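Below is one structure, written out as structure tokens; the observations come after it.
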Amino acid sequence: MEFTYETVAFFIFALTTLGSGIMVVTDENLFHASLYLLFSLFGVSGLFVLLVAPFLAAVQVLVYMGAIGILIIFAIMLTRGMMKMDQVYNSQRVAAAVVAVLLFIALAVTLTPIVDELEFGEDLNAELAEDPVADVTYETVNELGKVITDRNGFVLPFEVASLLLTAAMIGAIVVAREDEA
Amino acid sequence: MTELLTDAGLSKDFATFLTHLITAGAVATVFLLVPIFTIWLERKVSARMQDRLGPNRVGPYGLLQTIADVLKLMTKEAITPANADKVVFFIAPILMVMSVVLIVAVIPYGENFAPTDLSIGVLYVIAISSLGTIAILMAGWGSNNKYALLGAFRVMAQLVSYEVPMVLALLVPVMLAGTMRMNGIIEAQDSIWFIFVVPVSALIFFVSATAEVGRQPFDLLEAESEIVAGFNIEYGGMQFAMLYLGEWLHAVLICVITAILFLGGWDGPGAKDALLTLPIIDLELPVLGIFYLAAKSFLIYFLHMWVRFTVPRLRIDHLMGFNWKFLVPVGVFNLLVVAFAWKIMPEPDSSSLGDELPRALVVLASNVLFVMLIFFVIRDYARRERAKVEALVDETVYAAASAGD
Amino acid sequence: MELNEWAFIGAFFMLSWIFPAAPVIINKLIAPNRPTPIKRETYECGVETVGDTWVQFKVQYYLLALVFLVFDVEMVLLFPWAVAYNELGMFAFLAGGVFILLLLEGLVYAWRKGALEWT
Amino acid sequence: MVPLYMYLLVAAALFCIGVFGVLSRRNAIAILMGIELMLNAVNINLVAFWRYLKPDEINGQVFAAFVFVVAAAEAAVGLALIISVYRNRNTVEAEDINLLKW
């Protein structure tokens, strides 16, 4: 990996994402944790930009930081979640950490070219270390719009997404409303 | 300018990067100085509308008043409350200004003269503005003050609600232009401005943008008489000035965005050819384009001011009702109506006025019909409500009369 | 990869926090700093602060944010539709129309259920 | 260029952080935040695979867009449930929500 502006940007975004991600699960103050969550998701949107998916990057900021983040913060305020923060973790804390670390090691070995060092006979992950097979433009939104309204494409998932959101909204309103609770 | 730096012996990438930095600094500085003028302007205009004189002591016509205010705020002690969440309290005003300044990056001034022309330009603007709501929430929470938190929550409710009709209205120009690029939208208005094609969207955008920047009559965020001052109650000195600056800059920028989306942005007679070549850095400045954009933005800004000093403040339940029960349904149906009218007419052969006109007229007609329909529905509803009230009044009057007998 | 328009956004991000941070820091440097306990108290119009900042919030706020979230996500999905609309046929109008009407159905439900009332 | 496996590593790490959060936190809202992290890790993978292996088809981005929809629906309903439980049982601790336990 050579030193370019792209690699520098990648490491900045990756560190932002992971560092804030760790703070999300360790910070005692739930409000701070939610702010770290937003910061972490912002890093993810930076990664999307590097992956030439600017539309998704904007959606990430708009949906996660603008909507889901606000929803989470409202819920924290409503439940006064940070009032009882004398115990952040439950009894599975150590086991959970072990599981997470082991899972990461397993994924790291199988996802990187390290696995090819183990001589399984064929190079399994060689293509993961190569450059993209083709260049893409930043003008993918147009194509996205064509695909989601294409009869042979994703038009059904597109409508189902709308249905799912409507159902979620109705369900959440029923659950959260005060008089029927 | 990049060439100049590469000639000086820098690598191409580094030169580009340096150019980016300098451009960013330049446009941001220019825009950050604009509120100094508009604050003076607004005070002066409000004074004239209310039959007062306005600032007239510092400098000619009081022009330096804002600068004096800034200097005063600069020397004020910045008090951080003892109970405050200090880091969040400190970051909030900075994030507030950031969320607004970053919008400047996609504003075009000429055909080939924009800081950057992102393929998702319009969406970028909305996404960045949504960071501002987080900043307000952080300010309210960080202050650790009941009023600040309540104010922040009310602001959030308002900003979040009015973002919906704003984006719905904004989808229409994107649909007509077939792109989210700022310059693409402006070029699509080459022959006819979108405000003459889809006036309903323009109006919805104007109203919801007023609410989005929290100007009267939607200024519940700082309803002094109701929640002291809202989320910025604990702020003082330059930190308060930054919250204030963010708000004012947002007000200016939303006018620029409106001008770009509906009034053709920098486009105008001769705008493409009136270039002023700057020496040394070899930059072709589209003077006429900048002038057109500024003039159009100012026109909208003046409309904002006019509304501001004429209409009284809304109550919060009316505010929310107006949004969710009127603007959002209207915005949704407007999108459908425009989409349909736009589709039934064939694609014009060229983008000249004569070829574009039939389709534009059909869309305009659909808009007019739609408005008439809305008026009918509202009239019907109002009559029913009125009948109800009258029946109620009659009942009570008769009851009182019979009790009197 | 060539540096492009997004590098400009990156540069802007690096710069943009300096503009607000510089005045705030200058303010901290040049302004007098004499904190007193009274001055640093929470400001509630001079009345002493009673109790916790966490006053009970209405669930109304959550419902509003919820309706907003749903609309936000749907509008985001409508952006690609709107961009590609000129190149698509009548079927795209139907697809978008059904999508929007389903969304509107949710709004009508929320309206009837009183989730949009502000009491 | 940054090789693909770097993106996959970041996504894997983010996913594991999310797993840790889900398994170890007491507060139900914190658990939901862990789930959001995991969903984002999935999204990074989808977009990275699209960019590096199948750039001529747009499917990876479409999938990621639908993950947004699912994440939004999940957050909305999940948080509504937490608020409802809080109102009825006055707790948001996952361990105290044991009505269905036996």
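Just so we're on the same page: first chain in the structure tokens is A, next is B, and so on; residues restart at 1 for each chain, and ligands are numbered from 1 in the order they show up.
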Self-check item: 8 Å contact set for D:Asn45, only C-alpha atoms, chain neighbours under 3 positions out, as a VMD selection string
Solution: chain D and resid 7 to 8 11 41 to 42 48 to 49
Exercise. Compile the residues of chain A that lie within 12 Å of chain B, evaluated using only C-alpha atoms, and express the compilation as a ChimeraX atom specification.
Key: /A:4-6,29,31-32,34-36,38-39,42,45,49,52-74,76-78,137-143,145
Quiz item: Please, which residues of chain D lie no more than 8 Å from chain C when the count uses only C-alpha atoms, and can they be set out as an MDAnalysis selection string?
Solution: chainID D and resid 1 65 68:69 72:73 76
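If only C-alpha atoms are the atoms counted, then among D:Asn27, D:Val62, D:Lys101, D:Pro3 the closest residue to A:Val155 is D:Val62.
Considering the residues D:Ala75, D:Leu4, D:Ala64, D:Ala80 and counting only C-alpha atoms, D:Gly34 has its shortest atom-to-atom contact with D:Ala75.
Residues from chain D found within 6 Å of chain A are Pro3, Leu4, Tyr5, Cys16, Phe20, Gly21, Leu23, Ser24, Arg25, Arg26, Tyr52, Ala73, Val77, Ala80 and Ser84 of chain D, counting only C-alpha atoms.
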Just write the chosen residues, N, CA and C atoms, as a compact mmCIF listing (two decimals), in the first residue's frame.
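That gives us out_38.txt:
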# COMPACT_ATOMS: atom_id res chain seq x y z
N PRO D 3 -6.41 -1.71 -0.60
CA PRO D 3 -6.96 -3.01 -1.04
C PRO D 3 -8.28 -3.32 -0.35
N LEU D 4 -9.02 -4.22 -0.98
CA LEU D 4 -10.37 -4.53 -0.50
C LEU D 4 -10.36 -5.07 0.93
N TYR D 5 -9.32 -5.88 1.24
CA TYR D 5 -9.37 -6.53 2.56
C TYR D 5 -9.24 -5.52 3.70
N CYS D 16 -17.56 -6.52 15.26
CA CYS D 16 -17.23 -7.14 16.54
C CYS D 16 -17.45 -6.17 17.69
N PHE D 20 -19.88 -6.89 20.81
CA PHE D 20 -19.52 -6.70 22.22
C PHE D 20 -20.56 -5.82 22.92
N GLY D 21 -20.94 -4.73 22.23
CA GLY D 21 -21.93 -3.83 22.83
C GLY D 21 -23.25 -4.54 23.10
N LEU D 23 -23.81 -7.72 23.52
CA LEU D 23 -23.75 -8.78 24.53
C LEU D 23 -23.51 -8.25 25.92
N SER D 24 -22.83 -7.10 26.05
CA SER D 24 -22.37 -6.74 27.39
C SER D 24 -23.13 -5.58 28.02
N ARG D 25 -23.81 -4.75 27.23
CA ARG D 25 -24.42 -3.58 27.85
C ARG D 25 -25.70 -3.96 28.58
N ARG D 26 -25.99 -3.24 29.65
CA ARG D 26 -27.22 -3.48 30.40
C ARG D 26 -28.40 -2.72 29.81
N TYR D 52 -15.31 -3.12 -5.60
CA TYR D 52 -14.10 -3.81 -6.01
C TYR D 52 -14.36 -4.99 -6.94
N ALA D 73 -36.47 1.21 10.27
CA ALA D 73 -37.64 0.54 10.82
C ALA D 73 -37.31 -0.11 12.15
N VAL D 77 -39.15 0.90 15.74
CA VAL D 77 -39.95 -0.03 16.52
C VAL D 77 -39.24 -0.41 17.80
N ALA D 80 -39.49 2.31 20.30
CA ALA D 80 -40.87 2.42 20.79
C ALA D 80 -41.14 1.35 21.83
N SER D 84 -42.13 1.85 25.71
CA SER D 84 -43.32 1.21 26.26
C SER D 84 -42.97 0.39 27.50
Self-check item: Residue neighbourhood B:Leu33, 12 Å, only C-alpha atoms, exclusion window fewer than 3 positions, as an MDAnalysis selection string
Solution: (chainID B and resid 26:30 36:40 66:67 70 101 245:246 248:249 252) or (chainID C and resid 19)
Practice problem: Find the spatial neighbours of C:Leu29, counting only C-alpha atoms, within a cut-off of 12 Å - ignore same-chain residues fewer than 5 positions away - and output them as a ChimeraX atom specification. | Solution: /B:74-78,237-238 /C:22-24
Practice problem: Using only C-alpha atoms, determine which residues of chain C fall within 8 Å of chain B; present them as a PyMOL selection string. | Solution: chain C and resi 2-3+5-9+11-13+15-17+20-21+23-24+26-28+30-33+35+37+39-44+53-55+61+64-65+68+71-72+75+78-79+82-86+89-90+93+97+100+104+111+116-119
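Atom CA of B:Tyr292 is positioned 23.4 Å from atom CA of B:Leu357.
Relative to atom CA of D:Asn40, atom CA of D:Lys54 is found at 20.0 Å.
With distances restricted to only C-alpha atoms, A:Ala9 is the closest residue to chain C from A:Thr16, A:Gly43, A:Ala9, A:Asn152.
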Quiz prompt | Pick from D:Val92, D:Ile83, D:Val67, D:Leu14, whichever lies nearest to D:Asn43 using only C-alpha atoms | solution = D:Val67
